[in-house]
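Here is the file start.tsv (TSV, N, CA, C and O atoms).
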chain	number	residue	atom	x	y	z
L	141	MET	N	0.85	-1.19	0.00
L	141	MET	CA	0.00	0.00	0.00
L	141	MET	C	0.89	1.24	0.00
L	141	MET	O	1.94	1.25	0.59
L	142	TRP	N	0.42	2.25	-0.68
L	142	TRP	CA	1.10	3.53	-0.71
L	142	TRP	C	0.55	4.41	0.41
L	142	TRP	O	-0.61	4.27	0.80
L	143	ILE	N	1.36	5.31	0.93
L	143	ILE	CA	0.91	6.15	2.05
L	143	ILE	C	-0.27	7.03	1.62
L	143	ILE	O	-1.18	7.27	2.41
L	144	PHE	N	-0.28	7.52	0.37
L	144	PHE	CA	-1.40	8.36	-0.05
L	144	PHE	C	-2.70	7.56	-0.10
L	144	PHE	O	-3.77	8.12	0.10
L	145	GLU	N	-2.61	6.25	-0.33
L	145	GLU	CA	-3.82	5.41	-0.29
L	145	GLU	C	-4.34	5.30	1.15
L	145	GLU	O	-5.54	5.35	1.38
L	146	ALA	N	-3.42	5.17	2.11
L	146	ALA	CA	-3.81	5.10	3.52
L	146	ALA	C	-4.46	6.41	3.97
L	146	ALA	O	-5.44	6.40	4.71
L	147	ILE	N	-3.92	7.53	3.50
L	147	ILE	CA	-4.51	8.84	3.85
L	147	ILE	C	-5.91	8.94	3.26
L	147	ILE	O	-6.84	9.39	3.93
L	148	GLY	N	-6.09	8.51	2.03
L	148	GLY	CA	-7.41	8.54	1.40
L	148	GLY	C	-8.41	7.68	2.14
L	148	GLY	O	-9.56	8.08	2.35
L	149	LYS	N	-7.98	6.49	2.56
L	149	LYS	CA	-8.87	5.61	3.33
L	149	LYS	C	-9.26	6.26	4.64
L	149	LYS	O	-10.40	6.17	5.08
L	150	ARG	N	-8.30	6.91	5.29
L	150	ARG	CA	-8.59	7.56	6.57
L	150	ARG	C	-9.58	8.71	6.39
L	150	ARG	O	-10.50	8.89	7.18
L	151	LEU	N	-9.42	9.48	5.32
L	151	LEU	CA	-10.36	10.58	5.06
L	151	LEU	C	-11.75	10.06	4.78
L	151	LEU	O	-12.74	10.63	5.25
L	152	SER	N	-11.82	8.98	4.03
L	152	SER	CA	-13.12	8.38	3.74
L	152	SER	C	-13.79	7.91	5.02
L	152	SER	O	-14.99	8.14	5.24
L	153	LYS	N	-13.02	7.28	5.89
L	153	LYS	CA	-13.56	6.81	7.17
L	153	LYS	C	-13.99	8.00	8.03
L	153	LYS	O	-15.00	7.94	8.72
L	154	LEU	N	-13.21	9.05	7.98
L	154	LEU	CA	-13.53	10.25	8.76
L	154	LEU	C	-14.87	10.84	8.32
L	154	LEU	O	-15.69	11.21	9.16
L	155	CYS	N	-15.10	10.90	7.01
L	155	CYS	CA	-16.39	11.40	6.50
L	155	CYS	C	-17.53	10.51	7.00
L	155	CYS	O	-18.58	11.00	7.41
L	156	TYR	N	-17.30	9.21	6.97
L	156	TYR	CA	-18.32	8.26	7.43
L	156	TYR	C	-18.59	8.43	8.93
L	156	TYR	O	-19.74	8.50	9.35
L	157	GLU	N	-17.51	8.51	9.73
L	157	GLU	CA	-17.67	8.65	11.18
L	157	GLU	C	-18.38	9.94	11.56
L	157	GLU	O	-19.18	9.97	12.48
L	158	LYS	N	-18.06	11.01	10.86
L	158	LYS	CA	-18.65	12.31	11.17
L	158	LYS	C	-20.01	12.49	10.49
L	158	LYS	O	-20.65	13.52	10.68
L	159	GLU	N	-20.41	11.50	9.66
L	159	GLU	CA	-21.66	11.57	8.91
L	159	GLU	C	-21.74	12.89	8.14
L	159	GLU	O	-22.71	13.65	8.25
L	160	ILE	N	-20.69	13.14	7.38
L	160	ILE	CA	-20.57	14.39	6.66
L	160	ILE	C	-20.10	14.10	5.23
L	160	ILE	O	-19.37	13.14	5.00
L	161	SER	N	-20.55	14.89	4.30
L	161	SER	CA	-20.15	14.70	2.90
L	161	SER	C	-18.72	15.20	2.70
L	161	SER	O	-18.19	15.98	3.49
L	162	VAL	N	-18.13	14.74	1.63
L	162	VAL	CA	-16.78	15.18	1.27
L	162	VAL	C	-16.77	16.70	1.09
L	162	VAL	O	-15.87	17.38	1.59
L	163	TYR	N	-17.77	17.21	0.41
L	163	TYR	CA	-17.87	18.66	0.18
L	163	TYR	C	-17.94	19.42	1.50
L	163	TYR	O	-17.23	20.41	1.69
L	164	SER	N	-18.77	18.96	2.42
L	164	SER	CA	-18.92	19.66	3.70
L	164	SER	C	-17.64	19.62	4.52
L	164	SER	O	-17.25	20.62	5.12
L	165	LEU	N	-16.99	18.46	4.55
L	165	LEU	CA	-15.75	18.36	5.32
L	165	LEU	C	-14.66	19.23	4.70
L	165	LEU	O	-13.92	19.91	5.42
L	166	ALA	N	-14.58	19.26	3.38
L	166	ALA	CA	-13.60	20.12	2.71
L	166	ALA	C	-13.83	21.58	3.08
L	166	ALA	O	-12.88	22.31	3.38
L	167	ASN	N	-15.09	22.01	3.07
L	167	ASN	CA	-15.41	23.39	3.46
L	167	ASN	C	-15.02	23.67	4.90
L	167	ASN	O	-14.48	24.73	5.20
L	168	LYS	N	-15.31	22.74	5.81
L	168	LYS	CA	-14.96	22.93	7.22
L	168	LYS	C	-13.45	23.01	7.41
L	168	LYS	O	-12.96	23.67	8.31
L	169	CYS	N	-12.72	22.33	6.53
L	169	CYS	CA	-11.26	22.29	6.63
L	169	CYS	C	-10.59	23.48	5.96
L	169	CYS	O	-9.40	23.69	6.13
L	170	GLY	N	-11.37	24.21	5.16
L	170	GLY	CA	-10.82	25.38	4.48
L	170	GLY	C	-9.97	25.02	3.27
L	170	GLY	O	-9.08	25.78	2.91
L	171	ILE	N	-10.24	23.87	2.67
L	171	ILE	CA	-9.52	23.52	1.44
L	171	ILE	C	-10.55	23.27	0.35
L	171	ILE	O	-11.71	23.00	0.63
L	172	SER	N	-10.11	23.38	-0.88
L	172	SER	CA	-11.06	23.21	-1.99
L	172	SER	C	-11.55	21.77	-2.04
L	172	SER	O	-10.84	20.84	-1.68
L	173	CYS	N	-12.77	21.62	-2.51
L	173	CYS	CA	-13.35	20.29	-2.64
L	173	CYS	C	-12.54	19.45	-3.62
L	173	CYS	O	-12.32	18.26	-3.39
L	174	SER	N	-12.06	20.06	-4.68
L	174	SER	CA	-11.29	19.31	-5.67
L	174	SER	C	-9.96	18.82	-5.08
L	174	SER	O	-9.54	17.69	-5.33
L	175	ASN	N	-9.32	19.66	-4.29
L	175	ASN	CA	-8.08	19.25	-3.62
L	175	ASN	C	-8.35	18.11	-2.64
L	175	ASN	O	-7.60	17.13	-2.57
L	176	PHE	N	-9.42	18.25	-1.88
L	176	PHE	CA	-9.81	17.22	-0.90
L	176	PHE	C	-10.09	15.90	-1.62
L	176	PHE	O	-9.62	14.85	-1.21
L	177	LYS	N	-10.84	15.96	-2.73
L	177	LYS	CA	-11.16	14.75	-3.48
L	177	LYS	C	-9.91	14.13	-4.10
L	177	LYS	O	-9.80	12.92	-4.18
L	178	ASN	N	-8.99	14.97	-4.56
L	178	ASN	CA	-7.74	14.44	-5.10
L	178	ASN	C	-6.97	13.64	-4.05
L	178	ASN	O	-6.38	12.60	-4.37
L	179	ILE	N	-6.98	14.10	-2.83
L	179	ILE	CA	-6.33	13.37	-1.74
L	179	ILE	C	-7.13	12.10	-1.43
L	179	ILE	O	-6.57	11.01	-1.31
L	180	LEU	N	-8.42	12.26	-1.33
L	180	LEU	CA	-9.30	11.15	-0.98
L	180	LEU	C	-9.20	10.00	-1.97
L	180	LEU	O	-9.15	8.83	-1.59
L	181	TYR	N	-9.16	10.32	-3.26
L	181	TYR	CA	-9.17	9.28	-4.29
L	181	TYR	C	-7.80	8.94	-4.86
L	181	TYR	O	-7.69	8.25	-5.86
L	182	GLY	N	-6.75	9.43	-4.21
L	182	GLY	CA	-5.39	9.04	-4.58
L	182	GLY	C	-4.80	9.73	-5.79
L	182	GLY	O	-3.78	9.29	-6.30
L	183	LYS	N	-5.41	10.80	-6.23
L	183	LYS	CA	-4.84	11.54	-7.36
L	183	LYS	C	-3.69	12.44	-6.90
L	183	LYS	O	-2.82	12.78	-7.68
L	184	SER	N	-3.74	12.84	-5.65
L	184	SER	CA	-2.66	13.61	-5.05
L	184	SER	C	-1.79	12.61	-4.28
L	184	SER	O	-2.17	12.12	-3.23
L	185	THR	N	-0.61	12.33	-4.83
L	185	THR	CA	0.22	11.28	-4.24
L	185	THR	C	1.18	11.79	-3.17
L	185	THR	O	1.90	11.00	-2.57
L	186	ASN	N	1.16	13.08	-2.92
L	186	ASN	CA	2.04	13.63	-1.90
L	186	ASN	C	1.39	14.84	-1.22
L	186	ASN	O	1.85	15.97	-1.37
L	187	PRO	N	0.30	14.60	-0.47
L	187	PRO	CA	-0.37	15.73	0.19
L	187	PRO	C	0.55	16.38	1.23
L	187	PRO	O	1.24	15.70	1.97
L	188	GLU	N	0.55	17.68	1.22
L	188	GLU	CA	1.40	18.42	2.16
L	188	GLU	C	0.90	18.27	3.58
L	188	GLU	O	-0.30	18.13	3.83
L	189	ILE	N	1.82	18.35	4.51
L	189	ILE	CA	1.48	18.23	5.92
L	189	ILE	C	0.53	19.36	6.34
L	189	ILE	O	-0.36	19.14	7.17
L	190	LYS	N	0.67	20.54	5.74
L	190	LYS	CA	-0.22	21.65	6.13
L	190	LYS	C	-1.66	21.36	5.72
L	190	LYS	O	-2.59	21.76	6.41
L	191	ILE	N	-1.86	20.61	4.61
L	191	ILE	CA	-3.22	20.22	4.22
L	191	ILE	C	-3.78	19.24	5.24
L	191	ILE	O	-4.95	19.34	5.64
L	192	ILE	N	-2.95	18.31	5.68
L	192	ILE	CA	-3.40	17.35	6.70
L	192	ILE	C	-3.74	18.08	8.00
L	192	ILE	O	-4.73	17.76	8.66
L	193	LEU	N	-2.97	19.09	8.35
L	193	LEU	CA	-3.27	19.90	9.54
L	193	LEU	C	-4.58	20.66	9.38
L	193	LEU	O	-5.36	20.75	10.33
L	194	HIS	N	-4.85	21.18	8.18
L	194	HIS	CA	-6.14	21.84	7.93
L	194	HIS	C	-7.29	20.85	8.11
L	194	HIS	O	-8.33	21.19	8.67
L	195	ILE	N	-7.09	19.63	7.64
L	195	ILE	CA	-8.12	18.60	7.78
L	195	ILE	C	-8.34	18.27	9.25
L	195	ILE	O	-9.47	18.14	9.71
L	196	CYS	N	-7.27	18.17	10.02
L	196	CYS	CA	-7.39	17.91	11.47
L	196	CYS	C	-8.14	19.04	12.16
L	196	CYS	O	-9.03	18.78	12.97
L	197	ASN	N	-7.76	20.27	11.84
L	197	ASN	CA	-8.43	21.41	12.47
L	197	ASN	C	-9.91	21.48	12.08
L	197	ASN	O	-10.76	21.71	12.93
L	198	GLY	N	-10.19	21.26	10.82
L	198	GLY	CA	-11.57	21.35	10.34
L	198	GLY	C	-12.46	20.23	10.86
L	198	GLY	O	-13.67	20.40	11.00
L	199	SER	N	-11.86	19.08	11.13
L	199	SER	CA	-12.66	17.95	11.62
L	199	SER	C	-12.58	17.79	13.13
L	199	SER	O	-13.12	16.85	13.69
L	200	ASN	N	-11.88	18.71	13.78
L	200	ASN	CA	-11.75	18.71	15.24
L	200	ASN	C	-11.17	17.40	15.79
L	200	ASN	O	-11.66	16.86	16.77
L	201	ILE	N	-10.12	16.93	15.13
L	201	ILE	CA	-9.41	15.76	15.67
L	201	ILE	C	-7.95	16.14	15.87
L	201	ILE	O	-7.38	16.90	15.08
L	202	PRO	N	-7.33	15.64	16.94
L	202	PRO	CA	-5.91	15.91	17.15
L	202	PRO	C	-5.08	15.31	16.01
L	202	PRO	O	-5.44	14.29	15.43
L	203	PHE	N	-3.97	15.93	15.71
L	203	PHE	CA	-3.11	15.48	14.62
L	203	PHE	C	-2.74	14.00	14.77
L	203	PHE	O	-2.81	13.23	13.81
L	204	ALA	N	-2.37	13.59	15.96
L	204	ALA	CA	-1.98	12.19	16.19
L	204	ALA	C	-3.14	11.24	15.88
L	204	ALA	O	-2.92	10.15	15.33
L	205	ASP	N	-4.35	11.65	16.19
L	205	ASP	CA	-5.51	10.81	15.93
L	205	ASP	C	-5.81	10.67	14.44
L	205	ASP	O	-6.49	9.73	14.03
L	206	SER	N	-5.30	11.59	13.64
L	206	SER	CA	-5.56	11.50	12.21
L	206	SER	C	-4.90	10.26	11.61
L	206	SER	O	-5.30	9.78	10.56
L	207	PHE	N	-3.91	9.73	12.30
L	207	PHE	CA	-3.23	8.53	11.83
L	207	PHE	C	-3.61	7.30	12.65
L	207	PHE	O	-3.00	6.25	12.51
L	208	ASP	N	-4.62	7.45	13.50
L	208	ASP	CA	-5.10	6.34	14.31
L	208	ASP	C	-6.08	5.50	13.49
L	208	ASP	O	-7.29	5.65	13.60
L	209	SER	N	-5.52	4.66	12.65
L	209	SER	CA	-6.31	3.85	11.74
L	209	SER	C	-5.52	2.60	11.39
L	209	SER	O	-4.29	2.66	11.30
L	210	PRO	N	-6.19	1.48	11.19
L	210	PRO	CA	-5.47	0.27	10.81
L	210	PRO	C	-4.66	0.43	9.52
L	210	PRO	O	-3.67	-0.26	9.33
L	211	SER	N	-5.03	1.38	8.69
L	211	SER	CA	-4.29	1.61	7.44
L	211	SER	C	-2.85	2.03	7.70
L	211	SER	O	-1.99	1.84	6.86
L	212	PHE	N	-2.59	2.61	8.87
L	212	PHE	CA	-1.25	3.08	9.19
L	212	PHE	C	-0.48	2.11	10.10
L	212	PHE	O	0.65	2.39	10.46
L	213	ASP	N	-1.08	0.99	10.48
L	213	ASP	CA	-0.43	0.06	11.40
L	213	ASP	C	0.88	-0.50	10.85
L	213	ASP	O	1.83	-0.68	11.59
L	214	ASN	N	0.93	-0.76	9.58
L	214	ASN	CA	2.14	-1.33	8.97
L	214	ASN	C	2.85	-0.29	8.12
L	214	ASN	O	3.21	-0.54	6.98
L	215	TYR	N	3.08	0.88	8.72
L	215	TYR	CA	3.66	1.98	7.97
L	215	TYR	C	5.04	1.66	7.40
L	215	TYR	O	5.46	2.23	6.41
L	216	LYS	N	5.74	0.71	7.97
L	216	LYS	CA	7.06	0.34	7.46
L	216	LYS	C	6.96	-0.36	6.11
L	216	LYS	O	7.94	-0.49	5.40
L	217	ASN	N	5.76	-0.81	5.75
L	217	ASN	CA	5.56	-1.49	4.49
L	217	ASN	C	5.05	-0.59	3.37
L	217	ASN	O	4.78	-1.07	2.28
L	218	PHE	N	4.91	0.71	3.63
L	218	PHE	CA	4.45	1.62	2.59
L	218	PHE	C	5.46	1.62	1.45
L	218	PHE	O	6.65	1.82	1.66
L	219	LYS	N	4.98	1.39	0.25
L	219	LYS	CA	5.85	1.30	-0.92
L	219	LYS	C	6.63	2.58	-1.17
L	219	LYS	O	7.77	2.54	-1.62
L	220	ASP	N	6.00	3.72	-0.89
L	220	ASP	CA	6.67	4.98	-1.20
L	220	ASP	C	7.65	5.42	-0.13
L	220	ASP	O	8.32	6.42	-0.28
L	221	LEU	N	7.77	4.66	0.95
L	221	LEU	CA	8.74	4.99	1.98
L	221	LEU	C	9.99	4.11	1.91
L	221	LEU	O	10.94	4.32	2.63
L	222	LEU	N	9.95	3.12	1.04
L	222	LEU	CA	11.07	2.19	0.91
L	222	LEU	C	12.17	2.74	0.04
L	222	LEU	O	12.01	3.53	-0.79

Show this structure as structure tokens.
Amino acid sequence: MWIFEAIGKRLSKLCYEKEISVYSLANKCGISCSNFKNILYGKSTNPEIKIILHICNGSNIPFADSFDSPSFDNYKNFKDLL
């Protein structure tokens, strides 16, 4: 798995947990819907840390919790980190 795929899965789960649409969460985070969707669907293969921080702030989750997902459990196996 690539790290950008894990980030996309986490964002998708976040939308589901918060019962919020992609568009609404993008607006709350202060980023464009197209940018958010590019991250969500893996078109953006290297999202900047500041975008992830905007997502954390907009969704009211601590930065550390943004990576609290089974998708990140085997981070040493991410193809793009090897």

Query raised in the report: Residues of chain L in helix (DSSP H, G or I) according to DSSP, as a ChimeraX atom specification?
Result: /L:143-158,162-169,173-180,189-199,204-207,210-212,215-217,219-221

Query raised in the report: Expressed in Å to a single decimal, how great is the separation between atom CA of Lys177 of chain L and atom C of Lys219 of chain L?
Result: 21.7 Å

Query raised in the report: What gap, in Å, lies between atom N of Ala146 of chain L and atom CA of Ser211 of chain L?
Result: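 Atom N of Ala146 of chain L sits 6.5 Å away from atom CA of Ser211 of chain L.
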
Query raised in the report: Which residues, written as a ChimeraX atom specification, have at least one atom at most 12 Å from Lys149 of chain L, with only C-alpha atoms counted and residues fewer than 3 positions away on the same chain left out?
Result: /L:141-146,152-156,177,179-182,206-212

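The shell of residues at most 6 Å from Gly170 of chain L, with all atoms listed in the file counted and near chain neighbours (fewer than 4 positions) removed, consists of L:Leu165, L:Ala166, L:His194, L:Gly198.
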
Query raised in the report: What does the distance from atom CA of Ser199 of chain L to atom CA of Asn175 of chain L come to in Å, to one decimal?
Result: 16.0 Å
